[in-house]
Structures are given as C-alpha cells and as structure tokens.
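A quick write-up on the structure given underneath.
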Amino acid sequence: MENINTEIKIYNTLTRKTELFVPLKDNEVRMYVCGPTVYNYFHIGNARSFIVFDTFRNFLKYSGYKVTFVQNITDIDDKIINKANEENTTWDMISKKYTEAFFEDIKKLKIDLADICPKATEEIPAMIEIIDKLYKHGIAYITDNGVYFDVTQFTEYGKLSHKNLDELQSGIRVDVDEKKKNPLDFALWKFSKPGEPQWDSPWGKGRPGWHIECSAMSSKYLGGTFDIHGGGIDLIFPHHENEIAQYEAAGKKQFVRYWMHNGFMNIKGEKMSKSIGNIILARDIIKEYPAEVLRFFILSTHYRAPMDFSKENIDAAKSAYREIFYTFQRLSQLLENKNLNECDINQNTDINNFKIEFINALNDDFNTPKAMGVIFSALNKIKIDINKNMEKNFMYWYKLLDYMTAVLKIKPEIISIDEHTKKMVDAINSLRKDKKYKEADEIRNKLLNEGIILEFTKDKTFIISDLK
C-alpha cells in the first residue's frame, strides 16, 4: 500500500473550480457512479464513463485510500417497459437479460465490480422514505399521474448546472402532464397504468421515477453526505440536478461534495444518437480489440474533454499501445529468473522521477493524457538502455512500467514462450550463425504467420508476441 496521497485535485462541476480533494473521513473515499439502465447492451459512450471512473477508483486505491464504490442498476424504467412490449416479453425478463450482459461486458473490459451494486427494484422502501419526507414538507404534490417534486420549493435548484429556473425552463421539452405546477417539476412516483409493474406506496400503486433511485441508493449505502459522485456530462441536467434537489430538500444537508463528469463520446464528429443510427456497442468493439487497447484509447483523452470514436482512431491507439506490449516482453525476457522483489525503485532517482511525474499528472484532475506521455518518455529511455545493454537499470524500468500500467489498468498479460517457438528460434540463430540466411528467413516467416516477431540484437534475440 502506498502512503496516502494528499495532493489530488479534482475539477468540481458544482463549484466550477479545480479543488484539492479532501475526503470527509481520513484515508477513506465514498464514491457513487451512475450505472446502466438495463434495456439494451451498453454502447461505447457508456463504456467511456465506466472505464474512466473504474480507473479513477483504482488510482485512489494506489494513492492509499480505502474506497467504497457504489454503482446502481436501473432495472425498472419506461425504456425497459417499452422494450418488453416491443419484444413481446416481460419487463423483468428484459432487465435480467441486460443486467447479465452488463456484468459480462464489464468483465471483458477489465472493469472491477462495484463494492455495492444495488438494483432499483430492491431499494423501493428507501425511495418511498425520501418521497414521504418531501411530501410532508410540502415540496412534493400529487397529480393524476403521480407524485411530483415542486422545483420552486428548493431555492438552490439549478446550482449544479449553473442556471436559474427561467434559463432551465426555456430549454426543456413540453411535458405530457399538463397538471404539473411547473414544466421543470419531475416525477418522484409514477402511478401505474394497466399492465405495468407496480409497487405499493402511501399514494397509490406505481413505480419510482428515475431520479429518486440514485438519491436513495447512494445515500443508503454511502451514508448522508459522501465524497464523489460521477457520471457522464449529459447527466448534469436534469438527472444529477434532481438528485441534489431531492436529497437536500428532504435531508436538509449537503448531498455530495465533489461532482465529476466525463465528456461525450462522438462518432466521426457526431454525437451518438439512435435517430442517426450511429450507436456502437461496447461488446462489438471488444470482439475486435483487446480490453487494454480500448482502455488505452479512452484514457488517451482527458476525461472531461469530448472525444471522437472511429476505426482510424482506435487503430492508432492500438499501434501506440503495441510499444508498451513489446517493451514489457523485452524486459521480461531480459529479467528471466530474476527476483523482482529485490528491486526498490526509490533507490534509482532518475527512474523514480518518472514515477513522481506520472503521479503528479494524475493528481492534476486525473490528467491521463499527460500520464500517458510520461509512460512513452520512459519507453524511449528503456529502448536506449536496452540498446546499450544497461543491465543494472532493467529491473528498475520493469518495476516502473509495471506500476504505471497497473494504476491505469492497461498492463498487458505476458504469456510464456512455448517450447515449440523456442526450438524454432534456436534453429534460426544456428542457421544465421552458419550464414544460411535464406533457410533462417523461411522459419522466421513461419513464426511471423503465427504472430511471433523476432528482434535480433547484438546481445539477445527477443521473441515478441504480436498484439491480437
């Protein structure tokens, strides 16, 4: 475990400032990130958010913090009901199918499971408790369609999106419920229509509104005010704005201290949209590219900036990631049978400075592109030392590269070289020694077809598995 890193700075959407991160409890971080609404497989834009906050969570752990990470599953929603009607099945079958698919896909992306992953349908009592407080305080009211939150009763409404009620109202779509007091008022509880799923409540049978789910689940499992709430930039308004309003109006205290939002994922310059038909599913991408490449691609752009997905861009990321993969293999072969536990990187000041620079980049509002730059600067130095056969540095370089890629969760899996390949390489070296280059090249080409690249140096032949 590293010593506690007290230099982390985060851009807080709530204050629009980059602030020094100070958790409420020493050495502990409580963090909530919005999870999937399980009516379909998640797309590459969702994957960006999941990967960013999974990596940030990992960085906090490497920084010495105990992290409690909660991510919800929205398993009841209009979209789920509509999908069930389209497929002539039940809403709970749709939820079950796509919840299982979510867990399958995050595992393939090397995303760690949340410590707590509550499902909305299992947390309805906690939602009703908050709605009841709001109703009794006169902040919620009943219409023929359900129970609504009256935004005019919460004077700080708009503080996350930094807009007043007039500005927000001018940009909102007209709601079908004409009995609402204000177009911005939102449903806390929706009365059920015939054939829809329903739960009992003090106001009538129905189901929760979307926004109340996260307020209830996050506060239940993280306890009152907590440290970090994350999600995509598209959730700032209305979802996260409404989360704040519900909790703070009911609890009369601060909901979340730091709000983090990742930027959009565009497709060839256009925002992903079902109407355009440019949605790309994450599960389709991970059939073509290793998880580490997709993670590397996403982390190559600062989390708050928009980024563009295209085959050309991810292929460029794959090409860049190859150098990390190849360098790991070179160092592994140079350090074969060496005890890496004997190496303390702090004993080599020049190499340890890369680690310090890497940590400083991530401390600066999780600047992963800058941290990537440190990795590639180190790779250039490693290449020079390998060419010069600077054996005394190899173990330190390996430990550095291992640390940096582990923090970002882009460390490749290095597979041992099989005996068949070793024998073929021995045969090539023997033929080259006898100046039988044509025969040697024939065997080398066979290996190349098997995805094995040979690099000949004065001191060693490196056997490199290509990146699939």
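Labels for the structure tokens follow display order: chains A, B, ..., residues from 1 in each chain, ligands from 1.
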
Open item on the list: Set the distance at 10 Å and use only C-alpha atoms: which residues neighbour segment 305-318 of chain A once local chain neighbours fewer than 4 positions away are removed? I'd like the list as a count of residues only.
Closed with: 33

Sort by chain and increasing residue number a table of all residues of segment 117-159 of chain A within 12 Å of segment 81-102 of chain A, each with its closest pair of atoms and their distance in Å to one decimal, counting only C-alpha atoms, and write it as JSON lines.
{"residue": "A:Cys117", "atom": "CA", "partner": "A:Thr99", "partner_atom": "CA", "distance": 11.0}
{"residue": "A:Pro118", "atom": "CA", "partner": "A:Thr99", "partner_atom": "CA", "distance": 11.6}
{"residue": "A:Lys119", "atom": "CA", "partner": "A:Thr99", "partner_atom": "CA", "distance": 9.7}
{"residue": "A:Ala120", "atom": "CA", "partner": "A:Ser95", "partner_atom": "CA", "distance": 10.9}
{"residue": "A:Thr121", "atom": "CA", "partner": "A:Asp92", "partner_atom": "CA", "distance": 9.9}

I need the chosen residues saved as a PDB file, in the first residue's frame, with C-alpha atoms.
ATOM      1  CA  CYS A 117     -24.327  -2.778  -6.893  1.00  0.00           C
ATOM      2  CA  PRO A 118     -27.944  -2.156  -5.797  1.00  0.00           C
ATOM      3  CA  LYS A 119     -30.901  -2.748  -8.097  1.00  0.00           C
ATOM      4  CA  ALA A 120     -33.661  -0.140  -8.123  1.00  0.00           C
ATOM      5  CA  THR A 121     -36.455  -2.687  -7.687  1.00  0.00           C
TER       6      THR A 121
END

I'd like the neighbourhood of segment 397-414 of chain A as a PDB file with N, CA and C atoms, in the first residue's frame, where a residue qualifies if any of its atoms comes within 8 Å (using only C-alpha atoms), though same-chain residues fewer than 6 positions away should be ignored.
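Once written, out-v8.pdb looks like this:
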ATOM      1  N   THR A  55     -11.022   3.487 -13.477  1.00  0.00           N
ATOM      2  CA  THR A  55      -9.589   3.802 -13.402  1.00  0.00           C
ATOM      3  C   THR A  55      -9.312   4.817 -12.305  1.00  0.00           C
ATOM      4  N   ASN A  58      -9.270   3.094  -9.120  1.00  0.00           N
ATOM      5  CA  ASN A  58      -8.025   2.355  -8.975  1.00  0.00           C
ATOM      6  C   ASN A  58      -6.879   3.280  -8.556  1.00  0.00           C
ATOM      7  N   PHE A  59      -6.849   4.482  -9.144  1.00  0.00           N
ATOM      8  CA  PHE A  59      -5.830   5.475  -8.776  1.00  0.00           C
ATOM      9  C   PHE A  59      -5.956   5.855  -7.305  1.00  0.00           C
ATOM     10  N   TYR A  62      -4.452   3.074  -5.290  1.00  0.00           N
ATOM     11  CA  TYR A  62      -2.992   3.134  -5.346  1.00  0.00           C
ATOM     12  C   TYR A  62      -2.454   4.326  -4.568  1.00  0.00           C
ATOM     13  N   LYS A 110     -12.205  -5.460 -18.289  1.00  0.00           N
ATOM     14  CA  LYS A 110     -11.325  -5.402 -17.106  1.00  0.00           C
ATOM     15  C   LYS A 110     -11.779  -4.333 -16.106  1.00  0.00           C
ATOM     16  N   GLU A 292      -7.352  -3.849 -23.077  1.00  0.00           N
ATOM     17  CA  GLU A 292      -6.319  -2.858 -22.739  1.00  0.00           C
ATOM     18  C   GLU A 292      -6.220  -1.768 -23.800  1.00  0.00           C
ATOM     19  N   VAL A 293      -6.451  -2.132 -25.064  1.00  0.00           N
ATOM     20  CA  VAL A 293      -6.390  -1.143 -26.150  1.00  0.00           C
ATOM     21  C   VAL A 293      -7.549  -0.158 -26.044  1.00  0.00           C
ATOM     22  N   ARG A 295      -9.209   0.593 -23.312  1.00  0.00           N
ATOM     23  CA  ARG A 295      -8.947   1.419 -22.128  1.00  0.00           C
ATOM     24  C   ARG A 295      -7.886   2.473 -22.450  1.00  0.00           C
ATOM     25  N   PHE A 296      -6.826   2.064 -23.137  1.00  0.00           N
ATOM     26  CA  PHE A 296      -5.748   2.977 -23.527  1.00  0.00           C
ATOM     27  C   PHE A 296      -6.313   4.096 -24.398  1.00  0.00           C
ATOM     28  N   PHE A 325       3.309  -3.058 -24.990  1.00  0.00           N
ATOM     29  CA  PHE A 325       3.243  -4.524 -25.012  1.00  0.00           C
ATOM     30  C   PHE A 325       4.602  -5.129 -25.360  1.00  0.00           C
ATOM     31  N   PHE A 328       7.311  -4.523 -22.518  1.00  0.00           N
ATOM     32  CA  PHE A 328       7.110  -5.446 -21.405  1.00  0.00           C
ATOM     33  C   PHE A 328       7.726  -6.806 -21.723  1.00  0.00           C
ATOM     34  N   GLN A 329       7.542  -7.269 -22.952  1.00  0.00           N
ATOM     35  CA  GLN A 329       8.072  -8.579 -23.325  1.00  0.00           C
ATOM     36  C   GLN A 329       9.602  -8.558 -23.360  1.00  0.00           C
ATOM     37  N   LEU A 331      11.633  -6.597 -21.627  1.00  0.00           N
ATOM     38  CA  LEU A 331      12.141  -6.545 -20.255  1.00  0.00           C
ATOM     39  C   LEU A 331      11.931  -7.877 -19.541  1.00  0.00           C
ATOM     40  N   SER A 332      10.795  -8.513 -19.768  1.00  0.00           N
ATOM     41  CA  SER A 332      10.522  -9.821 -19.137  1.00  0.00           C
ATOM     42  C   SER A 332      11.573 -10.844 -19.533  1.00  0.00           C
ATOM     43  N   LEU A 340      12.227  -9.945  -8.828  1.00  0.00           N
ATOM     44  CA  LEU A 340      11.855  -8.529  -8.903  1.00  0.00           C
ATOM     45  C   LEU A 340      11.572  -7.926  -7.534  1.00  0.00           C
ATOM     46  N   CYS A 343      14.031  -5.441  -5.923  1.00  0.00           N
ATOM     47  CA  CYS A 343      14.227  -4.111  -6.503  1.00  0.00           C
ATOM     48  C   CYS A 343      13.334  -3.079  -5.820  1.00  0.00           C
ATOM     49  N   ILE A 345      12.423   0.768  -6.433  1.00  0.00           N
ATOM     50  CA  ILE A 345      12.590   1.819  -7.434  1.00  0.00           C
ATOM     51  C   ILE A 345      13.082   3.135  -6.828  1.00  0.00           C
ATOM     52  N   ILE A 351      15.100   7.070 -12.483  1.00  0.00           N
ATOM     53  CA  ILE A 351      13.931   6.310 -12.918  1.00  0.00           C
ATOM     54  C   ILE A 351      12.724   6.610 -12.023  1.00  0.00           C
ATOM     55  N   ASN A 352      12.960   6.779 -10.740  1.00  0.00           N
ATOM     56  CA  ASN A 352      11.862   7.098  -9.828  1.00  0.00           C
ATOM     57  C   ASN A 352      11.227   8.453 -10.149  1.00  0.00           C
ATOM     58  N   PHE A 354      10.381   9.484 -12.978  1.00  0.00           N
ATOM     59  CA  PHE A 354       9.281   9.239 -13.909  1.00  0.00           C
ATOM     60  C   PHE A 354       8.003   8.908 -13.134  1.00  0.00           C
ATOM     61  N   LYS A 355       8.158   8.118 -12.085  1.00  0.00           N
ATOM     62  CA  LYS A 355       7.001   7.756 -11.262  1.00  0.00           C
ATOM     63  C   LYS A 355       6.397   8.996 -10.608  1.00  0.00           C
ATOM     64  N   PHE A 358       4.557  10.954 -13.207  1.00  0.00           N
ATOM     65  CA  PHE A 358       3.323  10.230 -13.540  1.00  0.00           C
ATOM     66  C   PHE A 358       2.238  10.516 -12.494  1.00  0.00           C
ATOM     67  N   ILE A 375       4.644   7.770 -19.634  1.00  0.00           N
ATOM     68  CA  ILE A 375       4.907   6.367 -19.978  1.00  0.00           C
ATOM     69  C   ILE A 375       5.741   6.288 -21.254  1.00  0.00           C
ATOM     70  N   ILE A 382      13.912   3.449 -22.008  1.00  0.00           N
ATOM     71  CA  ILE A 382      14.109   2.000 -21.867  1.00  0.00           C
ATOM     72  C   ILE A 382      14.746   1.440 -23.136  1.00  0.00           C
TER      73      ILE A 382
END

TODO: as JSON, numbers by chain, list the residues of segment 200-447 of chain A assigned to strand (DSSP E) by DSSP on the backbone atoms of this structure.
DONE: {"A": [206, 207, 208, 226, 227, 228, 229, 230, 231, 232, 256, 257, 258, 259, 260, 261, 262, 265, 266, 267, 270, 271, 307, 308, 309]}

Task: Those of segment 200-267 of chain A in DSSP alpha helix (DSSP H), formatted as a list in words - done: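 Matching residues for alpha helix (DSSP H) in segment 200-267 of chain A are Trp210, His211, Ile212, Glu213, Cys214, Ser215, Ala216, Met217, Ser218, Ser219, Lys220, Tyr221, Leu222, Glu241, Asn242, Glu243, Ile244, Ala245, Gln246, Tyr247, Glu248, Ala249, Ala250 and Gly251 of chain A.
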
Task: Counting only C-alpha atoms, the residue of A:Asp115, A:Asp26, A:Asp426, A:Asp54 that sits nearest Leu222 of chain A - done: A:Asp115

Open item on the list: Calculated over only C-alpha atoms, which of the candidates A:Tyr157, A:Trp203, A:Tyr321, A:Phe103 has the smallest distance to Tyr135 of chain A?
Closed with: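 Among the listed residues, A:Trp203 lies closest to Tyr135 of chain A.
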
- [ ] For atom CA of Thr421 of chain A and atom CA of Asn337 of chain A, determine how far apart the two atoms are, in Å to one decimal place.
- [x]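 For atom CA of Thr421 of chain A relative to atom CA of Asn337 of chain A, the distance reads 18.9 Å.
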
Open item on the list: List the spatial neighbours of Ile111 of chain A as a list in words - criterion: any atom at most 8 Å away, only C-alpha atoms, same-chain residues fewer than 5 positions off excluded.
Closed with: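 The filter keeps Phe50, Ile51, Asp54 and Ile106 of chain A.
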
Open item on the list: Measuring between only C-alpha atoms, which one of A:Asp78, A:Glu336, A:Asp234, A:Glu288 shows the shortest distance to Arg304 of chain A?
Closed with: A:Asp234
